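Here's the structure we're looking at; comments come further down.
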Amino acid sequence: MKIFSLFLLCATLAWFVSNLSDSYTANTYFNLEYVNVPDSLFFAQKHKTEVQVKVHAGGFQLLRLNIFRKNIKIDLSNVEEKEDKYFLRQSVFRKQIEQQLPNSLSLTEVGYSDTLYVDLYKLHSKKVPVLANIKVDMAQNYVLEKGIKITPDSIKVSGPKSEIDTIVKVTAEDYNFSDVSLDISKTLQLILPKDLANTKFSDKEVVVSGSVFRFSEKLITVPVTVLNLPNDISIRTFPSEVSILCKANVEVLKKVTATDFSLTADFNDYVDENSPILKLSLTKKPEGVYSAKLKEEYVEFILNRK
């Protein structure tokens, strides 16, 4: 019985090998690899990566093709376009396939009748700003020098025009800093739209940062200047000088003087003769002083004819 089974197995193998030695025409698949894609074009996320073909070859070769698919490079340097559809004529892509086949393998039919459509679209790009909802709770007597900085403050989006036109901004994830007394820095992920399958973003995260310093206070006494005073009138304000409470870095405060400020009152605002007062405005303050608060908001005055 065992001898008979062995004989039957050997006969079957001999028959199988004998048949594989013959030539056949059969369907198989080739993997497609696109090369020389024009810089202005972009592949859709889901695009054709295989093609069905009918070939004539020996049985062994067909068996090997079905187990290990052949990779075929498709050159798109001369891809044609009509009504926003991109394609290669069969005469072009069939020739490219045939040039990559061994002599023992002949192509009899390609799965696409006369045209190979390629899922490409024109690449459009633009920059959009990055926004971040950041809350900073400072420790006592500390302040952010120039506010929160976002790096990068804008990113590049690339894709089909119909997709990127819907994007006007991108937002980073929310974050809270608490009891801050040192410089801050945090990497945050961007919240990118997930429904735009063919759009790419230059960055997926940003860094939010800020310089922190401990502030000091200093009182600066600045003279009041009255604007738009008629030529035939002189004015005297009470007080003639007003103190300003300045908050800044210690090194900045050391260099601050009254001449760095401009404290004005506009005579055109005087409308009530029974109430001779003018509102003060701080129209100039030095760089680096983040807070300047007037000790007086109004001044009284008397007028004299010249």
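Naming works like this for the structure tokens: A, B, ... for the chains as they're shown, residue 1 at the start of each chain, ligands 1 onward in shown order.
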Please return, as a ChimeraX atom specification, all residues of region 33-166 of chain A that DSSP assigns to helix (DSSP H, G or I) on the basis of the backbone. /A:59-67,90-98,161-164
Might you pull out every residue within 10 Å of Thr264 (chain A), with only C-alpha atoms counted and same-chain residues fewer than 6 positions away left off, and present them as a PyMOL selection string? chain A and resi 222-227+278-284
Residues just named, written with N, CA and C atoms as a PDB file, in the first residue's frame:
ATOM      1  N   VAL A 222       6.622 113.441  35.494  1.00  0.00           N
ATOM      2  CA  VAL A 222       6.677 113.934  34.120  1.00  0.00           C
ATOM      3  C   VAL A 222       5.834 115.196  34.006  1.00  0.00           C
ATOM      4  N   PRO A 223       6.340 116.267  33.343  1.00  0.00           N
ATOM      5  CA  PRO A 223       5.558 117.494  33.168  1.00  0.00           C
ATOM      6  C   PRO A 223       4.396 117.295  32.206  1.00  0.00           C
ATOM      7  N   VAL A 224       3.318 118.045  32.424  1.00  0.00           N
ATOM      8  CA  VAL A 224       2.131 117.981  31.579  1.00  0.00           C
ATOM      9  C   VAL A 224       2.274 118.988  30.441  1.00  0.00           C
ATOM     10  N   THR A 225       2.006 118.524  29.198  1.00  0.00           N
ATOM     11  CA  THR A 225       2.023 119.394  28.022  1.00  0.00           C
ATOM     12  C   THR A 225       0.611 119.508  27.485  1.00  0.00           C
ATOM     13  N   VAL A 226       0.138 120.758  27.285  1.00  0.00           N
ATOM     14  CA  VAL A 226      -1.211 120.982  26.756  1.00  0.00           C
ATOM     15  C   VAL A 226      -1.116 121.235  25.255  1.00  0.00           C
ATOM     16  N   LEU A 227      -1.877 120.493  24.503  1.00  0.00           N
ATOM     17  CA  LEU A 227      -1.888 120.603  23.041  1.00  0.00           C
ATOM     18  C   LEU A 227      -3.056 121.470  22.575  1.00  0.00           C
ATOM     19  N   LEU A 278      -8.974 118.795  32.318  1.00  0.00           N
ATOM     20  CA  LEU A 278      -8.560 118.119  31.082  1.00  0.00           C
ATOM     21  C   LEU A 278      -8.092 116.699  31.423  1.00  0.00           C
ATOM     22  N   LYS A 279      -8.415 115.773  30.532  1.00  0.00           N
ATOM     23  CA  LYS A 279      -8.000 114.370  30.728  1.00  0.00           C
ATOM     24  C   LYS A 279      -6.564 114.214  30.230  1.00  0.00           C
ATOM     25  N   LEU A 280      -5.773 113.466  30.957  1.00  0.00           N
ATOM     26  CA  LEU A 280      -4.382 113.231  30.605  1.00  0.00           C
ATOM     27  C   LEU A 280      -4.249 111.972  29.733  1.00  0.00           C
ATOM     28  N   SER A 281      -3.264 112.020  28.842  1.00  0.00           N
ATOM     29  CA  SER A 281      -2.949 110.860  28.001  1.00  0.00           C
ATOM     30  C   SER A 281      -1.440 110.657  28.001  1.00  0.00           C
ATOM     31  N   LEU A 282      -1.043 109.407  28.190  1.00  0.00           N
ATOM     32  CA  LEU A 282       0.376 109.066  28.087  1.00  0.00           C
ATOM     33  C   LEU A 282       0.642 108.677  26.636  1.00  0.00           C
ATOM     34  N   THR A 283       1.218 109.575  25.879  1.00  0.00           N
ATOM     35  CA  THR A 283       1.373 109.370  24.434  1.00  0.00           C
ATOM     36  C   THR A 283       2.720 108.770  24.053  1.00  0.00           C
ATOM     37  N   LYS A 284       3.629 108.664  25.006  1.00  0.00           N
ATOM     38  CA  LYS A 284       4.918 108.031  24.711  1.00  0.00           C
ATOM     39  C   LYS A 284       5.475 107.416  25.984  1.00  0.00           C
TER      40      LYS A 284
END
May I have the residues within 6 Å of region 37-49 of chain A as a count of residues only, using only C-alpha atoms and disregarding those fewer than 6 positions away in the same chain? 9
Pick out each residue of region 19-82 of chain A that DSSP on the backbone tags as strand (DSSP E or B); I need them as a PyMOL selection string. chain A and resi 23-35+41-43+50-58+70-75+80-82
Find the residues near region 102-113 of chain A: any atom within 7 Å, counting only C-alpha atoms, skip ones fewer than 4 places away on the same chain, and give them as a count of residues only. 8
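Proximity to Leu196 (chain A) was assessed for A:Thr28, A:Ser158, A:Asn228, A:Ser178 counting only C-alpha atoms; the smallest distance is recorded for A:Ser158.
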Neighbour list for Asn71 (chain A) as an mmCIF file with N, CA and C atoms, in the first residue's frame, cut-off 10 Å, only C-alpha atoms, skip fewer than 3 positions in-chain:
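The resulting file, out24.cif, is reproduced below:
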data_model
loop_
_atom_site.group_PDB
_atom_site.id
_atom_site.type_symbol
_atom_site.label_atom_id
_atom_site.label_comp_id
_atom_site.auth_asym_id
_atom_site.auth_seq_id
_atom_site.Cartn_x
_atom_site.Cartn_y
_atom_site.Cartn_z
ATOM 1 N N TYR A 29 -0.878 39.763 -12.366
ATOM 2 C CA TYR A 29 -0.842 41.183 -11.979
ATOM 3 C C TYR A 29 0.599 41.659 -11.870
ATOM 4 N N PHE A 30 0.827 42.900 -12.280
ATOM 5 C CA PHE A 30 2.103 43.573 -12.070
ATOM 6 C C PHE A 30 1.894 44.723 -11.089
ATOM 7 N N ASN A 31 2.865 44.913 -10.208
ATOM 8 C CA ASN A 31 2.852 46.093 -9.348
ATOM 9 C C ASN A 31 3.368 47.308 -10.123
ATOM 10 N N LEU A 32 2.731 48.450 -9.926
ATOM 11 C CA LEU A 32 3.125 49.664 -10.630
ATOM 12 C C LEU A 32 3.907 50.583 -9.703
ATOM 13 N N GLU A 33 5.032 51.070 -10.188
ATOM 14 C CA GLU A 33 5.841 52.059 -9.468
ATOM 15 C C GLU A 33 6.016 53.266 -10.401
ATOM 16 N N THR A 49 -2.061 50.959 -7.944
ATOM 17 C CA THR A 49 -0.730 50.411 -7.672
ATOM 18 C C THR A 49 -0.514 49.052 -8.335
ATOM 19 N N GLU A 50 -1.494 48.617 -9.140
ATOM 20 C CA GLU A 50 -1.325 47.346 -9.843
ATOM 21 C C GLU A 50 -2.093 47.393 -11.153
ATOM 22 N N PHE A 68 5.522 35.808 -6.782
ATOM 23 C CA PHE A 68 6.327 37.021 -6.624
ATOM 24 C C PHE A 68 5.986 37.983 -7.765
ATOM 25 N N ILE A 74 6.543 52.955 -14.227
ATOM 26 C CA ILE A 74 5.804 53.724 -15.222
ATOM 27 C C ILE A 74 6.313 55.161 -15.197
ATOM 28 N N ILE A 97 5.901 48.765 -20.334
ATOM 29 C CA ILE A 97 5.826 47.451 -19.687
ATOM 30 C C ILE A 97 6.653 46.435 -20.462
ATOM 31 N N GLN A 100 10.373 46.150 -20.002
ATOM 32 C CA GLN A 100 10.869 45.657 -18.719
ATOM 33 C C GLN A 100 10.622 44.153 -18.531
#
Any idea what's packed within 12 Å of Asp203 (chain A), counting only C-alpha atoms, ignoring anything in its chain fewer than 4 positions away? Could you give it as a PDB file with all heavy atoms, in the first residue's frame?
ATOM      1  N   LYS A 127       0.304  79.548   2.766  1.00  0.00           N
ATOM      2  CA  LYS A 127       0.639  79.605   4.183  1.00  0.00           C
ATOM      3  C   LYS A 127      -0.577  80.033   4.975  1.00  0.00           C
ATOM      4  O   LYS A 127      -1.328  80.909   4.548  1.00  0.00           O
ATOM      5  CB  LYS A 127       1.794  80.581   4.427  1.00  0.00           C
ATOM      6  CG  LYS A 127       3.158  79.999   4.136  1.00  0.00           C
ATOM      7  CD  LYS A 127       4.256  80.900   4.664  1.00  0.00           C
ATOM      8  CE  LYS A 127       5.605  80.217   4.570  1.00  0.00           C
ATOM      9  NZ  LYS A 127       6.678  81.059   5.166  1.00  0.00           N
ATOM     10  N   VAL A 128      -0.753  79.422   6.121  1.00  0.00           N
ATOM     11  CA  VAL A 128      -1.860  79.799   7.010  1.00  0.00           C
ATOM     12  C   VAL A 128      -1.285  80.042   8.408  1.00  0.00           C
ATOM     13  O   VAL A 128      -0.305  79.411   8.811  1.00  0.00           O
ATOM     14  CB  VAL A 128      -2.952  78.710   7.062  1.00  0.00           C
ATOM     15  CG1 VAL A 128      -3.608  78.551   5.706  1.00  0.00           C
ATOM     16  CG2 VAL A 128      -2.385  77.386   7.529  1.00  0.00           C
ATOM     17  N   PRO A 129      -1.877  80.976   9.147  1.00  0.00           N
ATOM     18  CA  PRO A 129      -1.351  81.284  10.490  1.00  0.00           C
ATOM     19  C   PRO A 129      -1.642  80.178  11.503  1.00  0.00           C
ATOM     20  O   PRO A 129      -2.621  79.435  11.370  1.00  0.00           O
ATOM     21  CB  PRO A 129      -2.091  82.576  10.854  1.00  0.00           C
ATOM     22  CG  PRO A 129      -3.369  82.512  10.065  1.00  0.00           C
ATOM     23  CD  PRO A 129      -3.016  81.830   8.778  1.00  0.00           C
ATOM     24  N   VAL A 130      -0.783  80.100  12.501  1.00  0.00           N
ATOM     25  CA  VAL A 130      -0.980  79.170  13.615  1.00  0.00           C
ATOM     26  C   VAL A 130      -1.476  79.964  14.822  1.00  0.00           C
ATOM     27  O   VAL A 130      -0.881  80.975  15.202  1.00  0.00           O
ATOM     28  CB  VAL A 130       0.332  78.453  13.979  1.00  0.00           C
ATOM     29  CG1 VAL A 130       0.124  77.568  15.208  1.00  0.00           C
ATOM     30  CG2 VAL A 130       0.824  77.615  12.810  1.00  0.00           C
ATOM     31  N   THR A 151       6.402  79.257  17.368  1.00  0.00           N
ATOM     32  CA  THR A 151       7.385  78.927  16.339  1.00  0.00           C
ATOM     33  C   THR A 151       7.097  77.555  15.743  1.00  0.00           C
ATOM     34  O   THR A 151       7.102  76.560  16.475  1.00  0.00           O
ATOM     35  CB  THR A 151       8.804  78.927  16.931  1.00  0.00           C
ATOM     36  OG1 THR A 151       9.049  80.174  17.590  1.00  0.00           O
ATOM     37  CG2 THR A 151       9.844  78.734  15.846  1.00  0.00           C
ATOM     38  N   PRO A 152       6.795  77.467  14.416  1.00  0.00           N
ATOM     39  CA  PRO A 152       6.590  78.594  13.503  1.00  0.00           C
ATOM     40  C   PRO A 152       5.224  79.232  13.728  1.00  0.00           C
ATOM     41  O   PRO A 152       4.315  78.575  14.235  1.00  0.00           O
ATOM     42  CB  PRO A 152       6.679  77.929  12.132  1.00  0.00           C
ATOM     43  CG  PRO A 152       6.182  76.532  12.358  1.00  0.00           C
ATOM     44  CD  PRO A 152       6.660  76.154  13.738  1.00  0.00           C
ATOM     45  N   ASP A 153       5.110  80.499  13.334  1.00  0.00           N
ATOM     46  CA  ASP A 153       3.824  81.184  13.519  1.00  0.00           C
ATOM     47  C   ASP A 153       2.882  80.974  12.341  1.00  0.00           C
ATOM     48  O   ASP A 153       1.736  81.420  12.361  1.00  0.00           O
ATOM     49  CB  ASP A 153       4.034  82.674  13.770  1.00  0.00           C
ATOM     50  CG  ASP A 153       4.754  83.370  12.614  1.00  0.00           C
ATOM     51  OD1 ASP A 153       5.047  82.704  11.597  1.00  0.00           O
ATOM     52  OD2 ASP A 153       5.038  84.572  12.728  1.00  0.00           O
ATOM     53  N   SER A 154       3.374  80.290  11.290  1.00  0.00           N
ATOM     54  CA  SER A 154       2.524  79.900  10.155  1.00  0.00           C
ATOM     55  C   SER A 154       3.106  78.636   9.550  1.00  0.00           C
ATOM     56  O   SER A 154       4.298  78.350   9.712  1.00  0.00           O
ATOM     57  CB  SER A 154       2.450  81.012   9.103  1.00  0.00           C
ATOM     58  OG  SER A 154       3.740  81.276   8.564  1.00  0.00           O
ATOM     59  N   ILE A 155       2.258  77.849   8.879  1.00  0.00           N
ATOM     60  CA  ILE A 155       2.730  76.627   8.235  1.00  0.00           C
ATOM     61  C   ILE A 155       2.260  76.598   6.781  1.00  0.00           C
ATOM     62  O   ILE A 155       1.324  77.307   6.397  1.00  0.00           O
ATOM     63  CB  ILE A 155       2.244  75.371   8.969  1.00  0.00           C
ATOM     64  CG1 ILE A 155       0.712  75.231   8.862  1.00  0.00           C
ATOM     65  CG2 ILE A 155       2.697  75.363  10.407  1.00  0.00           C
ATOM     66  CD1 ILE A 155       0.209  73.872   9.331  1.00  0.00           C
ATOM     67  N   LYS A 156       2.900  75.757   5.996  1.00  0.00           N
ATOM     68  CA  LYS A 156       2.553  75.601   4.583  1.00  0.00           C
ATOM     69  C   LYS A 156       1.632  74.399   4.418  1.00  0.00           C
ATOM     70  O   LYS A 156       1.910  73.311   4.943  1.00  0.00           O
ATOM     71  CB  LYS A 156       3.825  75.397   3.756  1.00  0.00           C
ATOM     72  CG  LYS A 156       3.601  75.265   2.265  1.00  0.00           C
ATOM     73  CD  LYS A 156       4.935  75.072   1.553  1.00  0.00           C
ATOM     74  CE  LYS A 156       4.746  74.899   0.051  1.00  0.00           C
ATOM     75  NZ  LYS A 156       6.049  74.690  -0.645  1.00  0.00           N
ATOM     76  N   VAL A 157       0.524  74.613   3.709  1.00  0.00           N
ATOM     77  CA  VAL A 157      -0.378  73.507   3.376  1.00  0.00           C
ATOM     78  C   VAL A 157      -0.353  73.297   1.872  1.00  0.00           C
ATOM     79  O   VAL A 157      -0.347  74.255   1.102  1.00  0.00           O
ATOM     80  CB  VAL A 157      -1.819  73.767   3.880  1.00  0.00           C
ATOM     81  CG1 VAL A 157      -1.858  73.801   5.380  1.00  0.00           C
ATOM     82  CG2 VAL A 157      -2.384  75.051   3.307  1.00  0.00           C
ATOM     83  N   SER A 158      -0.300  72.043   1.455  1.00  0.00           N
ATOM     84  CA  SER A 158      -0.210  71.703   0.030  1.00  0.00           C
ATOM     85  C   SER A 158      -1.220  70.619  -0.298  1.00  0.00           C
ATOM     86  O   SER A 158      -1.380  69.656   0.467  1.00  0.00           O
ATOM     87  CB  SER A 158       1.199  71.217  -0.317  1.00  0.00           C
ATOM     88  OG  SER A 158       2.172  72.173   0.024  1.00  0.00           O
ATOM     89  N   VAL A 170      -4.724  77.179  11.392  1.00  0.00           N
ATOM     90  CA  VAL A 170      -4.613  75.930  12.154  1.00  0.00           C
ATOM     91  C   VAL A 170      -4.406  76.310  13.617  1.00  0.00           C
ATOM     92  O   VAL A 170      -3.857  77.373  13.924  1.00  0.00           O
ATOM     93  CB  VAL A 170      -3.470  75.025  11.651  1.00  0.00           C
ATOM     94  CG1 VAL A 170      -3.774  74.475  10.280  1.00  0.00           C
ATOM     95  CG2 VAL A 170      -2.151  75.777  11.647  1.00  0.00           C
ATOM     96  N   THR A 171      -4.840  75.437  14.494  1.00  0.00           N
ATOM     97  CA  THR A 171      -4.800  75.735  15.927  1.00  0.00           C
ATOM     98  C   THR A 171      -3.996  74.676  16.665  1.00  0.00           C
ATOM     99  O   THR A 171      -4.102  73.482  16.370  1.00  0.00           O
ATOM    100  CB  THR A 171      -6.230  75.784  16.492  1.00  0.00           C
ATOM    101  OG1 THR A 171      -7.005  76.713  15.730  1.00  0.00           O
ATOM    102  CG2 THR A 171      -6.224  76.227  17.944  1.00  0.00           C
ATOM    103  N   ALA A 172      -3.199  75.141  17.610  1.00  0.00           N
ATOM    104  CA  ALA A 172      -2.465  74.215  18.472  1.00  0.00           C
ATOM    105  C   ALA A 172      -3.356  73.794  19.634  1.00  0.00           C
ATOM    106  O   ALA A 172      -4.337  74.463  19.964  1.00  0.00           O
ATOM    107  CB  ALA A 172      -1.186  74.867  18.981  1.00  0.00           C
ATOM    108  N   THR A 187       6.380  72.209  23.525  1.00  0.00           N
ATOM    109  CA  THR A 187       6.013  71.722  22.191  1.00  0.00           C
ATOM    110  C   THR A 187       4.571  71.254  22.206  1.00  0.00           C
ATOM    111  O   THR A 187       4.194  70.422  23.034  1.00  0.00           O
ATOM    112  CB  THR A 187       6.935  70.571  21.754  1.00  0.00           C
ATOM    113  OG1 THR A 187       8.284  71.039  21.698  1.00  0.00           O
ATOM    114  CG2 THR A 187       6.530  70.050  20.367  1.00  0.00           C
ATOM    115  N   LEU A 188       3.771  71.790  21.294  1.00  0.00           N
ATOM    116  CA  LEU A 188       2.353  71.455  21.229  1.00  0.00           C
ATOM    117  C   LEU A 188       2.007  70.878  19.868  1.00  0.00           C
ATOM    118  O   LEU A 188       2.524  71.320  18.831  1.00  0.00           O
ATOM    119  CB  LEU A 188       1.497  72.705  21.491  1.00  0.00           C
ATOM    120  CG  LEU A 188       1.662  73.386  22.850  1.00  0.00           C
ATOM    121  CD1 LEU A 188       0.771  74.613  22.932  1.00  0.00           C
ATOM    122  CD2 LEU A 188       1.343  72.421  23.991  1.00  0.00           C
ATOM    123  N   GLN A 189       1.120  69.897  19.856  1.00  0.00           N
ATOM    124  CA  GLN A 189       0.647  69.318  18.605  1.00  0.00           C
ATOM    125  C   GLN A 189      -0.381  70.242  17.950  1.00  0.00           C
ATOM    126  O   GLN A 189      -1.166  70.902  18.626  1.00  0.00           O
ATOM    127  CB  GLN A 189       0.003  67.949  18.866  1.00  0.00           C
ATOM    128  CG  GLN A 189       0.963  66.912  19.439  1.00  0.00           C
ATOM    129  CD  GLN A 189       2.103  66.594  18.506  1.00  0.00           C
ATOM    130  OE1 GLN A 189       1.893  66.354  17.314  1.00  0.00           O
ATOM    131  NE2 GLN A 189       3.322  66.614  19.032  1.00  0.00           N
ATOM    132  N   LEU A 190      -0.348  70.289  16.618  1.00  0.00           N
ATOM    133  CA  LEU A 190      -1.352  71.049  15.882  1.00  0.00           C
ATOM    134  C   LEU A 190      -2.593  70.186  15.684  1.00  0.00           C
ATOM    135  O   LEU A 190      -2.499  68.975  15.464  1.00  0.00           O
ATOM    136  CB  LEU A 190      -0.804  71.485  14.521  1.00  0.00           C
ATOM    137  CG  LEU A 190       0.338  72.497  14.551  1.00  0.00           C
ATOM    138  CD1 LEU A 190       0.840  72.765  13.137  1.00  0.00           C
ATOM    139  CD2 LEU A 190      -0.104  73.794  15.199  1.00  0.00           C
ATOM    140  N   ILE A 191      -3.746  70.822  15.766  1.00  0.00           N
ATOM    141  CA  ILE A 191      -5.010  70.126  15.524  1.00  0.00           C
ATOM    142  C   ILE A 191      -5.318  70.260  14.040  1.00  0.00           C
ATOM    143  O   ILE A 191      -5.841  71.277  13.581  1.00  0.00           O
ATOM    144  CB  ILE A 191      -6.135  70.724  16.385  1.00  0.00           C
ATOM    145  CG1 ILE A 191      -5.758  70.659  17.862  1.00  0.00           C
ATOM    146  CG2 ILE A 191      -7.447  69.967  16.154  1.00  0.00           C
ATOM    147  CD1 ILE A 191      -6.699  71.415  18.769  1.00  0.00           C
ATOM    148  N   LEU A 192      -4.960  69.232  13.271  1.00  0.00           N
ATOM    149  CA  LEU A 192      -5.074  69.289  11.812  1.00  0.00           C
ATOM    150  C   LEU A 192      -6.359  68.592  11.361  1.00  0.00           C
ATOM    151  O   LEU A 192      -6.753  67.573  11.929  1.00  0.00           O
ATOM    152  CB  LEU A 192      -3.862  68.616  11.161  1.00  0.00           C
ATOM    153  CG  LEU A 192      -2.496  69.210  11.554  1.00  0.00           C
ATOM    154  CD1 LEU A 192      -1.368  68.394  10.940  1.00  0.00           C
ATOM    155  CD2 LEU A 192      -2.396  70.664  11.116  1.00  0.00           C
ATOM    156  N   VAL A 207       6.270  75.187  18.775  1.00  0.00           N
ATOM    157  CA  VAL A 207       6.815  75.465  20.100  1.00  0.00           C
ATOM    158  C   VAL A 207       6.299  76.823  20.560  1.00  0.00           C
ATOM    159  O   VAL A 207       6.418  77.816  19.845  1.00  0.00           O
ATOM    160  CB  VAL A 207       8.356  75.475  20.087  1.00  0.00           C
ATOM    161  CG1 VAL A 207       8.906  75.867  21.460  1.00  0.00           C
ATOM    162  CG2 VAL A 207       8.897  74.111  19.675  1.00  0.00           C
TER     163      VAL A 207
END
